[in-house]
Every structure is written in C-alpha cells, then in structure tokens.
$ cat start_0.txt   # compact mmCIF, C-alpha atoms
# COMPACT_ATOMS: atom_id res chain seq x y z
CA MET A 1 -17.34 0.05 -24.06
CA SER A 2 -20.84 -1.23 -23.33
CA ASN A 3 -22.92 0.08 -20.48
CA GLU A 4 -22.92 -3.38 -18.91
CA ARG A 5 -19.29 -2.99 -17.96
CA TYR A 6 -20.15 -0.07 -15.74
CA ASP A 7 -21.97 -2.38 -13.34
CA GLY A 8 -18.71 -3.82 -12.07
CA ILE A 9 -17.20 -0.35 -11.71
CA ASN A 10 -20.23 0.77 -9.69
CA ILE A 11 -19.81 -2.24 -7.41
CA ILE A 12 -16.12 -1.35 -6.96
CA LYS A 13 -17.03 2.23 -6.00
CA ILE A 14 -19.53 1.05 -3.39
CA ILE A 15 -17.06 -1.47 -1.95
CA ALA A 16 -14.33 1.20 -1.87
CA THR A 17 -16.67 3.53 0.04
CA LEU A 18 -17.43 0.82 2.59
CA PHE A 19 -13.69 0.17 2.86
CA VAL A 20 -13.01 3.85 3.60
CA ILE A 21 -15.52 3.77 6.46
CA GLY A 22 -14.07 0.50 7.73
CA LEU A 23 -10.55 1.91 7.51
CA HIS A 24 -11.52 4.91 9.63
CA LEU A 25 -13.41 2.80 12.15
CA ILE A 26 -10.50 0.40 12.68
CA GLY A 27 -7.99 3.23 12.94
CA GLN A 28 -9.73 6.29 14.36
CA GLY A 29 -12.31 4.07 16.06
CA GLY A 30 -9.57 2.73 18.32
CA LEU A 31 -9.82 -0.93 17.33
CA LEU A 32 -6.33 -1.31 15.90
CA ASN A 33 -4.43 0.47 18.68
CA SER A 34 -6.38 -1.33 21.37
CA LEU A 35 -5.63 -4.77 19.91
CA TYR A 36 -1.96 -3.90 19.48
CA LEU A 37 -1.82 -2.89 23.15
CA GLN A 38 -3.67 -6.06 24.18
CA LYS A 39 -1.37 -8.11 21.92
CA ARG A 40 -4.29 -10.19 20.68
CA ASN A 41 -5.73 -10.72 17.17
CA VAL A 42 -3.03 -8.38 15.88
CA LEU A 43 -2.33 -10.17 12.60
CA PRO A 44 -6.02 -10.84 11.70
CA ILE A 45 -7.15 -7.23 12.33
CA THR A 46 -4.11 -5.90 10.46
CA THR A 47 -5.05 -8.13 7.51
CA VAL A 48 -8.58 -6.69 7.49
CA TYR A 49 -7.06 -3.21 7.82
CA ALA A 50 -4.77 -3.90 4.86
CA LEU A 51 -7.76 -4.92 2.73
CA MET A 52 -9.62 -1.73 3.70
CA TYR A 53 -6.56 0.29 2.71
CA THR A 54 -7.19 -0.55 -0.96
CA CYS A 55 -10.09 1.93 -0.98
CA ILE A 56 -8.29 4.96 -2.46
CA ASN A 57 -6.52 2.89 -5.12
CA LEU A 58 -9.83 1.31 -6.13
CA PHE A 59 -11.43 4.75 -6.53
CA ALA A 60 -8.54 6.05 -8.64
CA LEU A 61 -8.39 2.87 -10.77
CA SER A 62 -12.11 3.23 -11.50
CA THR A 63 -11.68 6.87 -12.46
CA GLY A 64 -8.83 6.08 -14.85
CA PHE A 65 -10.72 3.15 -16.38
CA LEU A 66 -13.86 5.22 -17.01
CA MET A 67 -12.41 8.59 -18.00
CA PHE A 68 -9.26 7.95 -20.06
CA LYS A 69 -11.09 8.78 -23.31
CA LYS A 70 -12.56 12.10 -22.18
CA LYS A 71 -11.29 15.20 -23.97
CA ARG A 72 -12.57 17.63 -21.37
CA ILE A 73 -14.04 17.69 -17.87
CA ARG A 74 -17.04 19.92 -17.26
CA SER A 75 -16.20 22.76 -14.91
CA LYS A 76 -19.66 22.33 -13.38
CA ARG A 77 -18.66 18.90 -12.08
CA ILE A 78 -15.59 20.27 -10.31
CA THR A 79 -17.51 23.26 -8.94
CA ASN A 80 -20.26 20.99 -7.59
CA ILE A 81 -17.79 18.80 -5.69
CA PHE A 82 -16.14 21.90 -4.21
CA LEU A 83 -19.41 23.57 -3.20
CA ILE A 84 -20.97 20.39 -1.80
CA THR A 85 -17.90 19.81 0.35
CA ILE A 86 -18.21 23.32 1.79
CA PHE A 87 -21.99 22.91 2.15
CA TYR A 88 -21.72 19.74 4.23
CA SER A 89 -18.81 21.10 6.27
CA LEU A 90 -20.90 24.09 7.30
CA LEU A 91 -24.13 22.09 7.70
CA ILE A 92 -22.55 19.54 10.05
CA SER A 93 -21.05 22.38 12.11
CA LEU A 94 -24.44 24.11 12.35
CA ILE A 95 -26.19 20.90 13.42
CA CYS A 96 -23.54 20.16 16.05
CA TYR A 97 -23.72 23.69 17.41
CA SER A 98 -27.54 23.85 17.37
CA PHE A 99 -27.88 20.66 19.41
CA ASN A 100 -24.68 21.26 21.37
CA MET A 101 -23.31 17.93 20.18
CA PHE A 102 -19.88 17.08 21.63
CA ASN A 103 -20.44 20.01 24.00
CA VAL A 104 -19.16 22.45 21.37
CA ARG A 105 -20.86 25.51 22.87
CA ASN A 106 -19.00 25.15 26.14
CA MET A 107 -15.57 24.64 24.63
CA ALA A 108 -13.41 27.69 25.06
CA GLY A 109 -10.93 28.67 22.36
CA SER A 110 -7.35 29.74 23.01
CA SER A 111 -5.88 33.03 21.80
CA ASN A 112 -3.63 31.11 19.38
CA ASP A 113 -6.50 29.55 17.43
CA MET A 114 -6.78 32.27 14.78
CA SER A 115 -3.04 32.62 14.19
CA ASN A 116 -2.65 28.83 13.94
CA PHE A 117 -5.44 28.74 11.39
CA LEU A 118 -4.18 31.63 9.26
CA ILE A 119 -0.52 30.55 9.26
CA TYR A 120 -0.69 26.75 9.35
CA GLY A 121 -4.30 25.97 8.46
CA ASN A 122 -4.77 24.28 11.85
CA VAL A 123 -8.22 24.53 13.38
CA ASN A 124 -8.99 23.73 16.99
CA TYR A 125 -12.33 21.96 16.68
CA ASN A 126 -12.63 22.05 20.46
CA SER A 127 -13.25 25.76 20.04
CA SER A 128 -16.82 26.80 19.26
CA LYS A 129 -15.43 30.26 18.48
CA TYR A 130 -13.81 29.10 15.24
CA LEU A 131 -15.92 26.03 14.56
CA PHE A 132 -17.84 27.43 11.58
CA PHE A 133 -14.93 29.42 10.20
CA GLY A 134 -12.71 26.37 10.25
CA SER A 135 -15.41 24.10 8.82
CA ILE A 136 -15.90 26.26 5.76
CA PHE A 137 -12.20 26.14 4.92
CA GLN A 138 -11.52 22.45 5.68
CA ILE A 139 -10.96 21.69 2.02
CA PHE A 140 -8.25 24.36 1.64
CA PHE A 141 -5.89 22.98 4.26
CA GLY A 142 -5.75 19.25 3.59
CA ASN A 143 -8.46 18.15 6.02
CA TYR A 144 -10.26 16.79 2.95
CA TRP A 145 -7.04 15.63 1.33
CA PHE A 146 -8.77 13.20 -1.03
CA ILE A 147 -11.31 15.77 -2.27
CA SER A 148 -8.56 18.36 -2.83
CA SER A 149 -6.42 15.79 -4.67
CA TYR A 150 -9.39 14.50 -6.67
CA ILE A 151 -10.30 18.03 -7.80
CA LEU A 152 -6.72 18.56 -8.98
CA LEU A 153 -6.85 15.19 -10.77
CA LEU A 154 -10.05 16.28 -12.58
CA PHE A 155 -8.26 19.41 -13.80
CA LEU A 156 -5.36 17.29 -15.05
CA ILE A 157 -7.41 14.57 -16.76
CA PRO A 158 -7.67 16.24 -20.22
CA TYR A 159 -3.89 16.63 -20.30
CA LEU A 160 -3.26 13.13 -18.96
CA ASN A 161 -5.65 11.72 -21.55
CA GLY A 162 -3.83 13.54 -24.35
CA PHE A 163 -0.64 11.88 -23.15
CA ILE A 164 -2.36 8.46 -22.91
CA GLU A 165 -3.73 8.80 -26.44
CA ASN A 166 -0.34 9.50 -27.99
CA ILE A 167 1.94 7.09 -26.10
CA ASP A 168 2.31 3.55 -27.43
CA GLN A 169 1.58 0.53 -25.23
CA LYS A 170 5.21 -0.51 -24.77
CA LYS A 171 6.34 2.90 -23.51
CA PHE A 172 3.20 3.26 -21.40
CA LYS A 173 3.92 -0.06 -19.68
CA GLN A 174 7.57 0.89 -19.18
CA LEU A 175 6.53 4.18 -17.58
CA LEU A 176 4.16 2.46 -15.16
CA ILE A 177 6.83 -0.09 -14.19
CA ILE A 178 9.47 2.61 -13.60
CA MET A 179 7.05 4.60 -11.43
CA PHE A 180 6.10 1.43 -9.57
CA LEU A 181 9.71 0.62 -8.75
CA PHE A 182 10.53 4.11 -7.53
CA ILE A 183 7.41 5.55 -5.87
CA SER A 184 5.97 2.25 -4.61
CA VAL A 185 8.71 -0.33 -4.03
CA TYR A 186 11.61 1.99 -3.20
CA THR A 187 9.56 4.34 -1.03
CA THR A 188 8.18 1.37 0.90
CA ILE A 189 11.51 -0.32 1.61
CA ALA A 190 13.41 2.94 2.24
CA LEU A 191 12.29 3.06 5.87
CA GLY A 192 11.60 6.58 7.03
CA ILE A 193 12.64 8.22 3.74
CA ASP A 194 9.99 9.89 1.59
CA ILE A 195 12.37 11.09 -1.09
CA PHE A 196 9.60 11.60 -3.69
CA ARG A 197 7.20 13.27 -1.23
CA ILE A 198 4.45 10.72 -1.82
CA SER A 199 3.30 10.95 1.83
CA GLY A 200 2.15 7.36 1.99
CA GLY A 201 -0.19 7.89 -0.97
CA TYR A 202 -1.97 10.88 0.57
CA SER A 203 -1.01 12.92 -2.46
CA PRO A 204 -2.47 13.98 -5.83
CA PHE A 205 0.72 12.64 -7.44
CA TRP A 206 -0.20 9.15 -6.26
CA LEU A 207 -3.77 9.53 -7.56
CA VAL A 208 -2.35 10.50 -10.96
CA TYR A 209 -0.23 7.35 -11.02
CA ILE A 210 -3.16 5.09 -10.10
CA TYR A 211 -5.30 6.92 -12.66
CA LEU A 212 -2.72 6.01 -15.32
CA ILE A 213 -2.86 2.34 -14.28
CA GLY A 214 -6.68 2.39 -14.51
CA ALA A 215 -6.42 4.06 -17.93
CA TYR A 216 -3.91 1.42 -19.08
CA ILE A 217 -6.32 -1.35 -18.06
CA GLY A 218 -9.20 0.43 -19.80
CA LYS A 219 -7.23 1.03 -23.01
CA TYR A 220 -5.47 -2.31 -23.40
CA HIS A 221 -7.19 -4.84 -21.13
CA ALA A 222 -10.87 -3.88 -21.11
CA ASP A 223 -11.61 -7.31 -22.62
CA PHE A 224 -9.77 -9.13 -19.84
CA LYS A 225 -11.45 -12.53 -19.55
CA LEU A 226 -12.10 -14.20 -16.24
CA ASN A 227 -12.11 -17.98 -16.01
CA LYS A 228 -11.68 -20.38 -13.13
CA LYS A 229 -7.91 -20.34 -13.45
CA SER A 230 -7.59 -16.53 -13.55
CA VAL A 231 -10.02 -16.14 -10.63
CA CYS A 232 -8.00 -18.60 -8.55
CA VAL A 233 -4.77 -16.81 -9.45
CA LEU A 234 -6.17 -13.37 -8.60
CA ILE A 235 -7.62 -14.53 -5.27
CA SER A 236 -4.37 -16.30 -4.39
CA VAL A 237 -2.34 -13.16 -5.14
CA ILE A 238 -4.74 -11.06 -3.05
CA LEU A 239 -4.46 -13.39 -0.05
CA LEU A 240 -0.68 -13.62 -0.40
CA CYS A 241 -0.27 -9.84 -0.60
CA LEU A 242 -2.60 -9.24 2.33
CA PHE A 243 -0.70 -11.73 4.47
CA ALA A 244 2.69 -10.33 3.44
CA SER A 245 1.71 -6.70 4.05
CA SER A 246 0.06 -7.51 7.40
CA LEU A 247 2.97 -9.60 8.62
CA GLY A 248 5.43 -6.93 7.51
CA ASN A 249 3.45 -4.26 9.31
CA VAL A 250 3.25 -6.29 12.53
CA ILE A 251 7.00 -6.96 12.46
CA LEU A 252 7.66 -3.28 11.76
CA ASN A 253 5.48 -2.22 14.68
CA LYS A 254 7.32 -4.56 17.03
CA TYR A 255 10.61 -3.10 15.81
CA GLU A 256 9.30 0.43 16.38
CA LEU A 257 8.24 -0.33 19.94
CA LYS A 258 11.46 -2.15 20.76
CA ASN A 259 13.75 0.55 19.38
CA ASN A 260 11.55 3.58 20.12
CA VAL A 261 11.44 4.75 16.49
CA SER A 262 8.57 5.50 14.12
CA PHE A 263 8.21 5.10 10.37
CA TYR A 264 4.53 6.11 10.42
CA TYR A 265 3.06 6.78 6.94
CA ILE A 266 6.26 6.67 4.94
CA CYS A 267 7.02 2.98 4.78
CA ARG A 268 4.28 0.93 6.38
CA PHE A 269 3.58 -2.11 4.27
CA ILE A 270 -0.16 -1.54 4.19
CA ASP A 271 -0.14 2.09 3.01
CA HIS A 272 -1.70 3.12 -0.28
CA ILE A 273 1.75 3.18 -1.91
CA SER A 274 2.78 -0.27 -0.70
CA PRO A 275 3.43 -2.66 -3.61
CA PHE A 276 1.36 -5.24 -1.72
CA ASN A 277 -1.55 -2.80 -1.46
CA LEU A 278 -1.25 -1.74 -5.10
CA ILE A 279 -1.14 -5.31 -6.40
CA THR A 280 -4.10 -6.24 -4.17
CA SER A 281 -6.06 -3.25 -5.48
CA ILE A 282 -5.40 -4.17 -9.11
CA CYS A 283 -6.38 -7.81 -8.51
CA VAL A 284 -9.62 -6.80 -6.75
CA PHE A 285 -10.36 -4.44 -9.63
CA LEU A 286 -9.75 -7.15 -12.24
CA LEU A 287 -12.00 -9.54 -10.33
CA LEU A 288 -14.94 -7.16 -10.22
CA PHE A 289 -14.88 -4.67 -13.09
CA LYS A 290 -16.56 -6.97 -15.65
CA ILE A 291 -19.50 -7.99 -13.47
CA ARG A 292 -22.74 -7.55 -15.37
CA ILE A 293 -26.23 -7.13 -13.97
CA LYS A 294 -29.21 -7.82 -16.20
CA SER A 295 -32.02 -6.66 -13.93
CA LYS A 296 -32.91 -3.02 -14.65
CA PHE A 297 -34.17 -2.55 -11.10
CA LYS A 298 -30.94 -3.84 -9.57
CA LYS A 299 -28.95 -1.75 -12.05
CA THR A 300 -30.87 1.39 -11.02
CA ILE A 301 -30.27 0.72 -7.31
CA LEU A 302 -26.59 0.06 -7.99
CA ASN A 303 -26.23 3.28 -10.00
CA PHE A 304 -27.84 5.29 -7.20
CA PHE A 305 -25.61 3.97 -4.42
CA SER A 306 -22.53 4.24 -6.62
CA GLY A 307 -23.42 7.88 -7.25
CA GLU A 308 -23.56 8.43 -3.49
CA SER A 309 -19.97 7.26 -2.95
CA LEU A 310 -18.31 10.67 -2.98
CA PHE A 311 -21.01 12.24 -0.79
CA VAL A 312 -20.75 9.45 1.79
CA TYR A 313 -17.03 10.15 1.95
CA ILE A 314 -17.55 13.91 2.29
CA ILE A 315 -20.04 13.48 5.16
CA HIS A 316 -18.30 10.81 7.22
CA ALA A 317 -14.77 12.18 6.69
CA ASN A 318 -15.78 15.62 7.94
CA ASN A 319 -13.37 16.68 10.69
CA ILE A 320 -16.06 16.99 13.33
CA VAL A 321 -17.43 13.53 12.54
CA TYR A 322 -13.97 12.00 12.20
CA PHE A 323 -12.35 13.48 15.31
CA HIS A 324 -15.39 13.48 17.61
CA LEU A 325 -17.97 10.90 16.53
CA LEU A 326 -15.62 8.18 15.25
CA PHE A 327 -12.93 8.67 17.88
CA ASN A 328 -12.60 5.43 19.91
CA LEU A 329 -16.10 4.45 18.78
CA LEU A 330 -15.20 0.73 18.73
CA LEU A 331 -12.85 0.72 21.70
CA LYS A 332 -15.15 -1.46 23.84
CA GLN A 333 -15.65 -3.93 20.98
CA SER A 334 -11.89 -4.69 20.95
CA THR A 335 -12.41 -7.11 23.85
CA LEU A 336 -14.82 -9.28 21.85
CA PRO A 337 -13.80 -12.55 20.15
CA PHE A 338 -12.41 -11.79 16.70
CA PHE A 339 -15.38 -12.94 14.57
CA ASN A 340 -17.85 -11.17 16.86
CA MET A 341 -15.72 -8.03 16.62
CA ILE A 342 -15.63 -8.21 12.81
CA SER A 343 -19.43 -8.71 12.75
CA VAL A 344 -19.90 -5.58 14.86
CA LEU A 345 -17.46 -3.70 12.62
CA PHE A 346 -19.46 -4.75 9.55
CA LEU A 347 -22.72 -3.55 11.13
CA TYR A 348 -21.14 -0.19 12.00
CA VAL A 349 -19.73 0.21 8.49
CA VAL A 350 -23.06 -0.55 6.81
CA GLY A 351 -24.96 1.55 9.36
CA ILE A 352 -22.75 4.62 8.86
CA TYR A 353 -22.96 4.17 5.08
CA PHE A 354 -26.77 4.20 5.05
CA ILE A 355 -26.94 7.06 7.58
CA CYS A 356 -24.72 9.15 5.29
CA VAL A 357 -26.87 8.26 2.27
CA ALA A 358 -30.03 9.21 4.20
CA PHE A 359 -28.35 12.44 5.31
CA ASP A 360 -27.56 13.25 1.67
CA LEU A 361 -31.13 12.45 0.61
CA ILE A 362 -32.62 14.71 3.27
CA PHE A 363 -30.34 17.71 2.84
CA ARG A 364 -29.30 17.63 -0.82
CA ILE A 365 -31.27 15.36 -3.14
CA ILE A 366 -34.87 15.86 -1.92
CA PRO A 367 -34.60 19.68 -1.58
CA SER A 368 -33.02 19.82 -5.04
CA LYS A 369 -35.83 17.73 -6.57
CA LEU A 370 -38.48 19.89 -4.89
CA TYR A 371 -36.77 23.07 -6.11
CA GLN A 372 -36.70 21.74 -9.68
CA LYS A 373 -40.36 20.76 -9.45
CA ILE A 374 -41.38 24.17 -8.17
CA ARG A 375 -39.44 25.90 -10.95
CA SER A 376 -41.05 23.72 -13.62

$ encode --input "start_0.txt" --output "structure tokens"
Amino acid sequence: MSNERYDGINIIKIIATLFVIGLHLIGQGGLLNSLYLQKRNVLPITTVYALMYTCINLFALSTGFLMFKKKRIRSKRITNIFLITIFYSLLISLICYSFNMFNVRNMAGSSNDMSNFLIYGNVNYNSSKYLFFGSIFQIFFGNYWFISSYILLLFLIPYLNGFIENIDQKKFKQLLIIMFLFISVYTTIALGIDIFRISGGYSPFWLVYIYLIGAYIGKYHADFKLNKKSVCVLISVILLCLFASSLGNVILNKYELKNNVSFYYICRFIDHISPFNLITSICVFLLLFKIRIKSKFKKTILNFFSGESLFVYIIHANNIVYFHLLFNLLLKQSTLPFFNMISVLFLYVVGIYFICVAFDLIFRIIPSKLYQKIRS
C-alpha cells in the first residue's frame, strides 16, 4: 500500500472528528430536542444528525483498513492513550476549579456521592468534593466509552489480524453478512430488544465488527476504482440511506410520543448499528479513502490534524465539557432559519475543533518538544 493512500484515510479521520463534535452539539447542545418540540425542521436536522452519526464507524473502518496487516501493537501506544486521557481529565478539572468555571467551588456534594461512585461508577460532577477524584477515573466507568472500547480493540488487533490472515475471502464475506443481518438489521428492527447487547453501537463488540469490515476492504478492495458512475452510485446510496434513516427516526419519535413508550438507543434508525448508518459509513469511506494529495506542505498539515483526532475527542468529550459547556449551547440558535442554523452549527464545530487542537498544542505537544530539546 503506497503512502499516497493514507491521505484519504487522514481526511476521513478529520471529517469523523468534526462529525463527533457536530453530533454532540446537535444532541447535547439542545438543537435536536428543541426542534422536535417546536415541530419545525425536524426531518432536515435529523438528516444532518444521521450523517454525523457515521463518525464512530468511519474511525473504526479507518483503523481496520490501516492495521489489518500488523502482527503486534506496541504497548507504548496503548499506555499513551490511557495516560493522556487521565491527564486531560485531571487538567480540565483543575482549570475549572482554579477559575471556578461552572461555579464548581460552590456546588455542595451529597453524602451518597462516594457510595454511588464506588458501587456504580457514577460521579456527581455538580460536587466539587469529588470533582478531581471522579475525573481521574472517568475512563474506568464508561464515561469515555469510545476510548475504553478502542483500547480493548488495540489489544485484540493482533488476534483479529491472525484470524483475517487465515480466513479465505468467501468465508470472510459470509461472516460479515451474517453479523450484519443479526447485530445490525435484526437489532434495529427488533424494537426495544437488545438481544446481543450491542447497546446501539456503544460497545467494543461493534468496533470489532466495523474493524473487520475495514480490514476486508483493505485486504480485498484496496484497489477499488472510482469513476463517474461509481461516484454517482455511492452518493445516491448515501442520500437514500440518510433520508430513510431520518424518516424512520422521525416516524419512530412520533410513535413514541403518541404511545408514551421509548426505544432510545436500541433501535433508532440513525444509531451506529443501523444498517442505514453502516451502509452510509461504508459509502463515505469508499468515496474518500483513495484521495491523493501531491503537495508535501498540504500532506504535512493533513497528517498533523489527522494525528490530533483522538486528542480532540478526548478533550471535547470530557464529562465536564460535555455536561456543562456543551449542554444546551445551541438552544437559542434553534429558532433561526434552517440554513442559518446549520451555518452557525458549522462555525461552532470548526471553532471547537481548533480550540481543542490549540489546547493540545499548549498543554501536551509544546511542553513535550521543549522537554526533549532540554534533554538533548
């Protein structure tokens, strides 16, 4: 595989990171709920939301595509991800406490905070008493579900790759189809039933499956050729899937409200496990993974921002940032005309992305470079 093919993968990683931020802004930012309550622009915003939901699948596809030939994963890589997650969890808590952001110093903790944390892993972030303690251990209790699942995936990769190396293409394809029918299609249409405990894709098991799909593409379809016809087909499938998943989700929400029931993560048509989402993710991946950039300068910039993807996620998905800073951040913008609202959303997404990159530069990259210079 030539280095040129990595350009497209880097672009996919950056887009996926922007999608994660957009996903959180639409959901946690209050945009989606507000529009559903207003009963305006419901289908368009749900379509945008469905597109953003491809983020995790795009990350996992990229990982499978790039790493299916690796015999081993360096333990240093896994340790670094773990330690950096803890580092930023603690750092963000210290900054918030030092400047009394979100009024954390004045928030009193209840007597049940410690028992809830020790037994269930629940942390009351309105309590300054356990703010730092809880921040350090976010990764252990699912608050960084993707990081925890990704670390497990890294441990499993050498074993998965041994399996991928020894299975023939026909059986590999059959396996992927069987898993697709059961853990994607069946789990989506079996409203309210999570028989395989996929949790809407918020699971390392789902990451493993998407990794296998990415590996299959890398092993057997790395030379996939794009022409005008294939581009038109891929774009058409993407638009069709986005419309179908959005419409299905809107209908499902109306049914929920009318009948006072909830199918939350398990069967929503825009979840990570949705067949519409999965097909959209694969089509987006196939559209972009072979992009080549000739300019060395542009390639360097692309490599840098692609390398920041995981750190941007770690910073902006921190519980304090997610539950305090992002909470209802775009609530007022929900009254804007749709295209104005999407423009504001785009500016927020890009702004948060670059703020996180700057934050990483200031607190991790620059100090590390200075330390290395001093040692040399």

$ residues_around --input "start_0.txt" --residues "Leu156 (chain A)" --least-positions-apart "2" --cutoff "12 Å" --atoms "all atoms listed in the file" --output "PyMOL selection string"
chain A and resi 64+67-68+70-73+78+149-154+158-163+204-205+207-209+211-212

$ write_last_selection --input "start_0.txt" --atoms "C-alpha atoms" --output "compact mmCIF listing (two decimals), in the coordinates of the input"
# COMPACT_ATOMS: atom_id res chain seq x y z
CA GLY A 64 -8.83 6.08 -14.85
CA MET A 67 -12.41 8.59 -18.00
CA PHE A 68 -9.26 7.95 -20.06
CA LYS A 70 -12.56 12.10 -22.18
CA LYS A 71 -11.29 15.20 -23.97
CA ARG A 72 -12.57 17.63 -21.37
CA ILE A 73 -14.04 17.69 -17.87
CA ILE A 78 -15.59 20.27 -10.31
CA SER A 149 -6.42 15.79 -4.67
CA TYR A 150 -9.39 14.50 -6.67
CA ILE A 151 -10.30 18.03 -7.80
CA LEU A 152 -6.72 18.56 -8.98
CA LEU A 153 -6.85 15.19 -10.77
CA LEU A 154 -10.05 16.28 -12.58
CA PRO A 158 -7.67 16.24 -20.22
CA TYR A 159 -3.89 16.63 -20.30
CA LEU A 160 -3.26 13.13 -18.96
CA ASN A 161 -5.65 11.72 -21.55
CA GLY A 162 -3.83 13.54 -24.35
CA PHE A 163 -0.64 11.88 -23.15
CA PRO A 204 -2.47 13.98 -5.83
CA PHE A 205 0.72 12.64 -7.44
CA LEU A 207 -3.77 9.53 -7.56
CA VAL A 208 -2.35 10.50 -10.96
CA TYR A 209 -0.23 7.35 -11.02
CA TYR A 211 -5.30 6.92 -12.66
CA LEU A 212 -2.72 6.01 -15.32

$ closest_residue --input "start_0.txt" --among "A:Ile139, A:Cys283, A:Leu345, A:Ile92" --to "Leu226 (chain A)" --atoms "only C-alpha atoms"
A:Cys283

$ atom_distance --input "start_0.txt" --atom1 "CA of His324 (chain A)" --atom2 "CA of Ser98 (chain A)"
16.0 Å

$ residues_around --input "start_0.txt" --residues "region 350-354 of chain A" --least-positions-apart "4" --cutoff "8 Å" --atoms "only C-alpha atoms" --output "VMD selection string"
chain A and resid 18 21 312 316 346 358

$ atom_distance --input "start_0.txt" --atom1 "CA of Phe269 (chain A)" --atom2 "CA of Asn249 (chain A)"
5.5 Å

$ atom_distance --input "start_0.txt" --atom1 "CA of Pro275 (chain A)" --atom2 "CA of Ile183 (chain A)"
9.4 Å

$ axis_aligned_box --input "start_0.txt" --around "region 143-159 of chain A" --padding-each-side "3 Å" --output "AutoDock Vina command-line options"
--center_x -7.6 --center_y 16.3 --center_z -7.1 --size_x 13.4 --size_y 12.2 --size_z 32.3

$ residues_near_point --input "start_0.txt" --point "(-17.8, -7.5, 15.2)" --cutoff "12 Å" --atoms "only C-alpha atoms" --output "ChimeraX atom specification"
/A:22,25-26,31,45,330-349

$ closest_residue --input "start_0.txt" --among "A:Lys254, A:Ile273, A:Gln138, A:Thr280" --to "Met179 (chain A)" --atoms "only C-alpha atoms"
A:Ile273

$ closest_residue --input "start_0.txt" --among "A:Leu83, A:Leu325, A:Ala16, A:Val357" --to "Cys55 (chain A)" --atoms "only C-alpha atoms"
A:Ala16

$ closest_residue --input "start_0.txt" --among "A:Leu90, A:Ile81, A:Val284, A:Ile293" --to "Leu239 (chain A)" --atoms "all atoms listed in the file"
A:Val284

$ closest_residue --input "start_0.txt" --among "A:Ile198, A:Ala215, A:Ile282, A:Cys96" --to "Val237 (chain A)" --atoms "all atoms listed in the file"
A:Ile282

$ closest_residue --input "start_0.txt" --among "A:Phe19, A:Tyr49, A:Phe65, A:Tyr6" --to "Ile157 (chain A)" --atoms "all atoms listed in the file"
A:Phe65

$ residues_around --input "start_0.txt" --residues "Ile210 (chain A)" --least-positions-apart "6" --cutoff "8 Å" --atoms "all atoms listed in the file" --output "ChimeraX atom specification"
/A:57,60-61,64

$ residues_around --input "start_0.txt" --residues "Asn80 (chain A)" --least-positions-apart "3" --cutoff "12 Å" --atoms "all atoms listed in the file" --output "list in words"
Arg74, Ser75, Lys76, Arg77, Leu83, Ile84, Thr85, Ile86, Phe87, Tyr88, Ile147, Ile151, Leu310, Phe311 and Arg364 of chain A

$ decode --input "start_0.txt" --residues "region 286-297 of chain A" --atoms "C-alpha atoms" --output "compact mmCIF listing (two decimals), in the first residue's frame"
# COMPACT_ATOMS: atom_id res chain seq x y z
CA LEU A 286 -15.17 4.32 -0.33
CA LEU A 287 -15.65 7.83 -1.70
CA LEU A 288 -12.75 9.30 0.25
CA PHE A 289 -10.13 6.69 1.11
CA LYS A 290 -8.26 6.89 -2.22
CA ILE A 291 -7.89 10.66 -2.31
CA ARG A 292 -4.30 11.61 -3.03
CA ILE A 293 -2.54 14.86 -2.24
CA LYS A 294 0.65 15.73 -4.10
CA SER A 295 1.68 18.85 -2.20
CA LYS A 296 4.11 17.97 0.61
CA PHE A 297 3.02 21.02 2.59
